[in-house]
There are 2 protein chains.
Amino acid sequence: MNEIFRASADVLTAKTRTALLDVGATPETAEATTQALLYASNIGVDSHGVRLVTHYAAMLRAGRVKTNPILKVRRTAPATAMLDADNGLGHHASYQAMKLAIEMAGQAGIGAVGVMHSSHCGAVGAYALKAAEAGMVGIVTSNSDANVTLFNGSRTFHGTNPLAMAAPVSNQMPWLLDMATSSIPFNRVRLYRSLGLPLPSDVAADAEGNITQDAMRAAMLLPLGGESYGFKGAGLAGMVTILSTVLTGAVIDPLLVQMTETSDFTTPRNVGHFCIALDPARFIGREAFDGVLKNYLALLRAVPSTVPGESVMAPGDREWKIAEERKRTGIPVDPDTQAFLQL
Amino acid sequence: MNEIFRASADVLTAKTRTALLDVGATPETAEATTQALLYASNIGVDSHGVRLVTHYAAMLRAGRVKTNPILKVRRTAPATAMLDADNGLGHHASYQAMKLAIEMAGQAGIGAVGVMHSSHCGAVGAYALKAAEAGMVGIVTSNSDANVTLFNGSRTFHGTNPLAMAAPVSNQMPWLLDMATSSIPFNRVRLYRSLGLPLPSDVAADAEGNITQDAMRAAMLLPLGGESYGFKGAGLAGMVTILSTVLTGAVIDPLLVQMTETSDFTTPRNVGHFCIALDPARFIGREAFDGVLKNYLALLRAVPSTVPGESVMAPGDREWKIAEERKRTGIPVDPDTQAFLQL
C-alpha cells in the first residue's frame with residue numbers, strides 16, 4: 001500500500017487558490033473558498049476540505065456557479081440583512097454574511113443575515129468560527145440537496161442540513177460544534193460500498209425507506225435518532241430548512257438540483273444559508289460569560305470517559321487536536337486531488 | 001382497570017390557577033404558569049402539563065420559588081435584553097422574555113432575550129409558539145438539572161436541555177418543534193421501572209456509564225444519537241447550555257440543584273432560558289416566506305410513510321391533532337393531580 005501523500009497548509013493554500021483563479025474565479029472568491037477548504041482540511045474534515053476544489057473548479061467552468069458574482073446586500077433592519085450571492089460559490093457569500101452579522105451584533109447585540117442564490121459553502125463551522133474569533137457566539141446553517149429521509153419516510157427529502165455553532169473561550173481554542181442532522185454523511189455509504197463492509201445499524205435505508213445495513217442497497221440516510229427517534233433529527237433538519245431556505249427564499253432541499261448526482265451542471269442551484277452572531281457583552285457581560293464557559297468546559301473535560309485511556313471531549317476538542325497534529329505532519333491529500341492540484 | 005379521568009381545558013385552567021393563587025402566587029405568575037401547563041396538556045405533552053402544578057405549589061410553599069417575584073428587564077442594545085426572573089416560576093419570565101424579543105424583532109428584525117434567576121418553565125414550545133402567533137419565527141432553549149451523560153461519559157452532566165422552534169404557517173397551525181436533546185426523558189425510565197419492562201436500546205446507562213436496557217439499573221440518559229452518534233446530542237445540549245446559561249450567567253446543569261431528586265427545596269436554582277424572535281418580513285418578506293413554507297410542508301406531508309396507514313408528519317402535526325381530539329374528549333388527568341386539584 002502506498003504512503004498517504006501529505007502537503008503543508010501553505011502549499012495547499014497556494015495551489016487551491018491558483019486552481020480557482022485558473023478557472024476564472026475572482027480573487028475574492030478564490031481567497032474565501034481556499035480559506036474555507038483549508039479550515040476543513042486543517043481540522044480533519046477531509047470530506048469538506050481541499051478535495052472539493054476539483055468539483056468547484058468544474059462547476060465554475062460548467063457555468064452552474066458564476067466566476068465573478070456581484071454580491072448584493074440589502075439591510076432590512078438594524079439587526080438583519082439579506083445577502084444575494086448572485087450564484088457564486090457559497091464561501092465568499094458566507095464569510096461576508098457572517099462579517100455583516102458580527103458588525104450588526106456589535107451595534108444591536110445580535111445580528112442575522114440570510115443568504116440566497118448561493119451554492120455549496122463547504123463546512124459551515126468555518127463561518128461560525130469567524131464569530132468566535134470576533135468574541136461573539138456564531139450560529140450558521142445551510143440547506144443541501146436531498147439524501148436524507150423523514151421519520152418513517154420512504155423517499156429522500158432533506159439534505160444532511162448542517163448546523164454549526166462556535167463560542168469564544170478565553171485563552172483557549174473556541175468551542176465549535178459543526179454537525180449534520182443525519183447520523184452519517186452519504187460519503188460514508190460510498191466508503192462502505194468501496195470497502196465491501198456492512199453499514200452501522202440505524203443510519204440508512206433502501207430505496208423504499210426500509211432500514212438496511214447493506215451499503216449497496218442504501219439509497220438514503222436516516223435522520224439523526226434513527227428508526228426510533230429520527231423525528232428529532234428530521235425536526236432539526238426542518239429547523240435548518242426554515243432558517244436557511246424559508247426565511248431566505250432559497251430552494252428547499254427536495255427541489256434542489258443535486259450537487260454531484262446529476263447531469264445538470266449549468267442551472268444555478270439557489271442554496272440558502274443563515275448566519276447569526278450574538279455579542280456576550282450584551283447579555284451577562286463578557287467577563288461573566290468567560291467565567292461560566294471556562295468552568296463548564298473544565299467540569300465537562302473532567303468527567304471520566306467510559307473508554308479506557310480516552311477523555312471526554314467538548315465540541316471542537318478533537319478538531320483542534322487534529323489541527324495541531326497536521327501543523328506538524330501536513331494535510332493528507334487523496335490521489336485525485338493531488339493530481340488536480342499538480343502536487 | 002379504572003377509566004382515565006378527563007377534564008375540560010376550561011375546568012383545568014380555573015383549578016390550576018386557583019391552586020397557584022392559593023399558595024400565594026401573584027395573578028401574573030398564576031396566569032402564566034396555568035397557560036403554559038395547559039399548552040402542554042392540550043397538545044398531549046402530559047409530562048409538562050397540569051400534573052406539574054403539584055410540584056410548583058410545593059416549591060412556592062417551600063420557598064425555593066418566590067410567590068411574588070419582581071421581574072427586572074435590562075435592555076442592553078436595540079435587539080437584546082437580559083431578564084432577571086427574581087427566582088419566580090419560569091413561565092411568567094419566559095412569556096415576558098419572548099414578548100420582549102418579539103417587540104425588539106419588530107424594530108430590529110431579530111430580538112434575543114436571556115433569562116437568569118429563573119426556575120423550571122415547563123415545555124419551552126409554549127414560548128416559541130408565541131412568536132409564531134405574532135407572525136415571527138421563535139427559538140427557545142432552557143437548561144435543566146443533570147440527568148444526561150456525555151458521549152462516552154460516565155456521569156450525568158447535561159440536563160435534557162430542550163430546544164424549541166416555531167414558525168407561522170398561513171391558514172394552518174404553526175410548525176412547532178419542541179425536543180429534548182436526549183432520546184427519551186428520565187420520566188420514561190421511571191415508567192418502564194413501574195411497568196417492569198426493559199428500556200429501548202441505546203437510550204440509557206447505568207451508574208458507571210455503561211449502556212443498559214435494565215430500567216432498574218438505568219442511572220442516566222444517553223444524549224440523542226446514543227452510543228455511536230451521541231456526540232451530536234451532547235453537542236446540542238452544549239448549544240442549549242451556551243445560550244441558556246453561559247450567555248445569561250445562570251447555573252450550569254451539573255451544578256444545578258435537582259428539580260425533584262433532592263431534599264433542598266429552599267435554595268433558588270437559577271435556571272436559565274433563552275428566547276429569539278425573527279421577523280420573516282425582514283428577510284425574504286412575509287409573502288414569499290409563507291409560499292416557501294407552505295410548499296415545503298405540502299411536499300413533506302406527501303412523502304409516503306413506511307408505516308401502512310400512517311402519514312409522514314411535520315413537527316407539530318401530531319400535537320395539533322391531539323389538541324383537536326382533546327377539545328372533544330377532555331384532557332386526561334392522573335389520580336394524584338385529580339386529588340390535588342380537587343376535581
# chains A, B, ... in the order shown; residues from 1 in each chain; ligands from 1
call {"tool": "closest_atom_pairs", "arguments": {"of": "chain B", "to": "chain A", "cutoff": "6 Å", "atoms": "only C-alpha atoms", "output": "CSV"}}
result
residue,atom,partner,partner_atom,distance
B:Thr76,CA,A:Arg282,CA,5.3
B:Ala77,CA,A:Ala108,CA,5.1
B:Pro78,CA,A:Ala108,CA,4.8
B:Ala79,CA,A:Ala108,CA,5.1
B:Thr80,CA,A:Gly109,CA,5.4
B:Met82,CA,A:Phe283,CA,5.9
B:Ala108,CA,A:Pro78,CA,4.8
B:Gly109,CA,A:Thr80,CA,5.4
B:Asn152,CA,A:Thr306,CA,5.2
B:Gly153,CA,A:Ser305,CA,4.9
B:Ser154,CA,A:Thr306,CA,5.7
B:Gly225,CA,A:Gly225,CA,5.3
B:Val246,CA,A:Phe289,CA,5.4
B:Leu247,CA,A:Phe289,CA,5.8
B:Thr248,CA,A:Ile284,CA,5.0
B:Gly249,CA,A:Ile284,CA,5.7
B:Pro280,CA,A:Leu247,CA,5.9
B:Arg282,CA,A:Thr76,CA,5.3
B:Phe283,CA,A:Leu247,CA,5.8
B:Ile284,CA,A:Thr248,CA,5.0
B:Phe289,CA,A:Val246,CA,5.4
B:Val292,CA,A:Val246,CA,5.6
B:Leu293,CA,A:Val246,CA,5.8
B:Pro304,CA,A:Ser154,CA,5.8
B:Ser305,CA,A:Gly153,CA,4.9
B:Thr306,CA,A:Asn152,CA,5.2
call {"tool": "write_last_selection", "arguments": {"atoms": "N, CA and C atoms", "output": "tab-separated table (two decimals), in the first residue's frame"}}
result
chain	number	residue	atom	x	y	z
B	76	THR	N	-30.09	45.97	26.68
B	76	THR	CA	-28.64	46.12	26.54
B	76	THR	C	-28.23	46.65	25.17
B	77	ALA	N	-29.14	46.58	24.20
B	77	ALA	CA	-28.86	47.04	22.84
B	77	ALA	C	-30.21	47.02	22.10
B	78	PRO	N	-30.26	47.56	20.89
B	78	PRO	CA	-31.57	47.61	20.19
B	78	PRO	C	-32.25	46.26	20.03
B	79	ALA	N	-31.48	45.18	20.00
B	79	ALA	CA	-32.10	43.88	19.73
B	79	ALA	C	-31.88	42.86	20.84
B	80	THR	N	-31.36	43.29	21.98
B	80	THR	CA	-31.04	42.33	23.04
B	80	THR	C	-31.42	42.87	24.42
B	82	MET	N	-31.57	41.41	28.88
B	82	MET	CA	-31.50	40.38	29.92
B	82	MET	C	-32.73	40.54	30.79
B	108	ALA	N	-36.02	45.69	15.07
B	108	ALA	CA	-34.64	45.40	14.66
B	108	ALA	C	-34.52	44.21	13.72
B	109	GLY	N	-35.65	43.50	13.48
B	109	GLY	CA	-35.61	42.33	12.59
B	109	GLY	C	-35.43	41.03	13.34
B	152	ASN	N	-19.61	8.95	25.57
B	152	ASN	CA	-18.64	8.15	26.33
B	152	ASN	C	-18.45	8.65	27.76
B	153	GLY	N	-19.42	9.36	28.29
B	153	GLY	CA	-19.31	9.87	29.65
B	153	GLY	C	-19.76	8.85	30.67
B	154	SER	N	-19.25	8.99	31.89
B	154	SER	CA	-19.57	8.04	32.95
B	154	SER	C	-20.36	8.70	34.09
B	225	GLY	N	-28.67	10.29	19.75
B	225	GLY	CA	-27.63	9.72	18.90
B	225	GLY	C	-27.00	8.48	19.53
B	246	VAL	N	-24.63	30.16	29.72
B	246	VAL	CA	-23.36	30.87	29.62
B	246	VAL	C	-23.62	32.33	29.25
B	247	LEU	N	-24.50	32.55	28.28
B	247	LEU	CA	-24.83	33.93	27.90
B	247	LEU	C	-25.61	34.66	28.99
B	248	THR	N	-26.31	33.92	29.83
B	248	THR	CA	-27.18	34.57	30.83
B	248	THR	C	-26.56	34.63	32.22
B	249	GLY	N	-25.50	33.85	32.47
B	249	GLY	CA	-24.93	33.81	33.81
B	249	GLY	C	-25.72	32.94	34.77
B	280	PRO	N	-39.95	37.37	9.65
B	280	PRO	CA	-39.80	36.99	8.23
B	280	PRO	C	-39.85	38.19	7.29
B	282	ARG	N	-38.40	40.85	7.54
B	282	ARG	CA	-37.09	41.47	7.42
B	282	ARG	C	-36.08	40.55	6.74
B	283	PHE	N	-36.55	39.44	6.20
B	283	PHE	CA	-35.66	38.59	5.39
B	283	PHE	C	-36.24	38.57	3.97
B	284	ILE	N	-36.76	37.45	3.52
B	284	ILE	CA	-37.25	37.42	2.14
B	284	ILE	C	-38.60	38.13	2.00
B	289	PHE	N	-42.04	34.05	2.28
B	289	PHE	CA	-41.85	33.12	3.40
B	289	PHE	C	-43.03	32.16	3.47
B	292	VAL	N	-42.98	29.64	0.46
B	292	VAL	CA	-41.98	28.57	0.53
B	292	VAL	C	-42.35	27.57	1.63
B	293	LEU	N	-42.81	28.08	2.77
B	293	LEU	CA	-43.12	27.18	3.89
B	293	LEU	C	-44.31	26.27	3.56
B	304	PRO	N	-44.76	9.30	1.11
B	304	PRO	CA	-45.44	8.13	1.68
B	304	PRO	C	-44.69	7.61	2.91
B	305	SER	N	-45.46	7.22	3.92
B	305	SER	CA	-44.87	6.66	5.14
B	305	SER	C	-44.52	5.19	4.92
B	306	THR	N	-43.48	4.74	5.62
B	306	THR	CA	-43.14	3.31	5.58
B	306	THR	C	-44.10	2.51	6.46
call {"tool": "residues_around", "arguments": {"residues": "Leu20 (chain A)", "least_positions_apart": "2", "cutoff": "9 Å", "atoms": "only C-alpha atoms", "output": "PyMOL selection string"}}
result
chain A and resi 15-18+22-27+29-31+33-34+53+56-57+60
call {"tool": "select_by_dssp", "arguments": {"residues": "region 53-289 of chain A", "states": "helix (DSSP H, G or I)", "output": "JSON, numbers by chain"}}
result
{"A": [53, 54, 55, 56, 57, 58, 59, 60, 61, 62, 90, 91, 92, 93, 94, 95, 96, 97, 98, 99, 100, 101, 102, 103, 104, 105, 106, 107, 108, 125, 126, 127, 128, 129, 130, 131, 132, 133, 186, 187, 188, 189, 190, 191, 192, 193, 194, 195, 226, 227, 228, 229, 230, 231, 232, 233, 234, 235, 236, 237, 238, 239, 240, 241, 242, 243, 244, 245, 246, 253, 254, 255, 280, 281, 282, 286, 287, 288, 289]}
call {"tool": "select_by_dssp", "arguments": {"residues": "region 256-310 of chain B", "states": "strand (DSSP E or B)", "output": "MDAnalysis selection string"}}
result
chainID B and resid 271:278 304:305
call {"tool": "write_last_selection", "arguments": {"atoms": "N, CA and C atoms", "output": "PDB file, in the first residue's frame"}}
result
ATOM      1  N   VAL B 271     -32.036  28.727  37.155  1.00  0.00           N
ATOM      2  CA  VAL B 271     -32.124  28.133  35.818  1.00  0.00           C
ATOM      3  C   VAL B 271     -32.081  29.267  34.794  1.00  0.00           C
ATOM      4  N   GLY B 272     -31.578  28.991  33.595  1.00  0.00           N
ATOM      5  CA  GLY B 272     -31.529  29.996  32.535  1.00  0.00           C
ATOM      6  C   GLY B 272     -32.330  29.590  31.305  1.00  0.00           C
ATOM      7  N   HIS B 273     -32.898  30.579  30.639  1.00  0.00           N
ATOM      8  CA  HIS B 273     -33.615  30.339  29.381  1.00  0.00           C
ATOM      9  C   HIS B 273     -33.101  31.337  28.344  1.00  0.00           C
ATOM     10  N   PHE B 274     -33.419  31.078  27.078  1.00  0.00           N
ATOM     11  CA  PHE B 274     -33.021  31.998  26.018  1.00  0.00           C
ATOM     12  C   PHE B 274     -34.112  32.034  24.953  1.00  0.00           C
ATOM     13  N   CYS B 275     -34.515  33.232  24.561  1.00  0.00           N
ATOM     14  CA  CYS B 275     -35.591  33.410  23.573  1.00  0.00           C
ATOM     15  C   CYS B 275     -35.097  34.262  22.406  1.00  0.00           C
ATOM     16  N   ILE B 276     -35.348  33.794  21.202  1.00  0.00           N
ATOM     17  CA  ILE B 276     -35.035  34.559  19.991  1.00  0.00           C
ATOM     18  C   ILE B 276     -36.305  34.672  19.152  1.00  0.00           C
ATOM     19  N   ALA B 277     -36.582  35.852  18.622  1.00  0.00           N
ATOM     20  CA  ALA B 277     -37.664  36.028  17.647  1.00  0.00           C
ATOM     21  C   ALA B 277     -37.074  36.626  16.376  1.00  0.00           C
ATOM     22  N   LEU B 278     -37.502  36.118  15.222  1.00  0.00           N
ATOM     23  CA  LEU B 278     -37.054  36.626  13.928  1.00  0.00           C
ATOM     24  C   LEU B 278     -38.282  36.997  13.108  1.00  0.00           C
ATOM     25  N   PRO B 304     -44.757   9.300   1.111  1.00  0.00           N
ATOM     26  CA  PRO B 304     -45.439   8.130   1.684  1.00  0.00           C
ATOM     27  C   PRO B 304     -44.692   7.607   2.913  1.00  0.00           C
ATOM     28  N   SER B 305     -45.456   7.217   3.922  1.00  0.00           N
ATOM     29  CA  SER B 305     -44.871   6.656   5.139  1.00  0.00           C
ATOM     30  C   SER B 305     -44.517   5.192   4.918  1.00  0.00           C
TER      31      SER B 305
END
call {"tool": "atom_distance", "arguments": {"atom1": "CA of Pro332 (chain A)", "atom2": "CA of Leu52 (chain A)"}}
result
13.7 Å
call {"tool": "residues_around", "arguments": {"residues": "region 85-97 of chain A", "least_positions_apart": "5", "cutoff": "6 Å", "atoms": "only C-alpha atoms", "output": "VMD selection string"}}
result
chain A and resid 29 32 to 33 65 to 66 69 to 71 113 117 to 121 127
call {"tool": "write_last_selection", "arguments": {"atoms": "C-alpha atoms", "output": "compact mmCIF listing (two decimals), in the first residue's frame"}}
result
# COMPACT_ATOMS: atom_id res chain seq x y z
CA THR A 29 -13.96 34.13 -4.47
CA ALA A 32 -12.66 32.83 0.51
CA THR A 33 -13.10 29.36 -0.97
CA VAL A 65 -21.56 28.75 -10.49
CA LYS A 66 -20.57 32.27 -11.57
CA PRO A 69 -20.59 37.15 -8.79
CA ILE A 70 -21.67 40.58 -7.60
CA LEU A 71 -22.83 40.13 -4.01
CA VAL A 113 -28.12 37.54 7.72
CA HIS A 117 -28.84 32.40 -4.63
CA SER A 118 -25.82 30.65 -3.18
CA SER A 119 -24.21 27.29 -3.79
CA HIS A 120 -22.28 24.78 -1.70
CA CYS A 121 -20.37 26.59 1.05
CA TYR A 127 -18.28 30.85 9.34
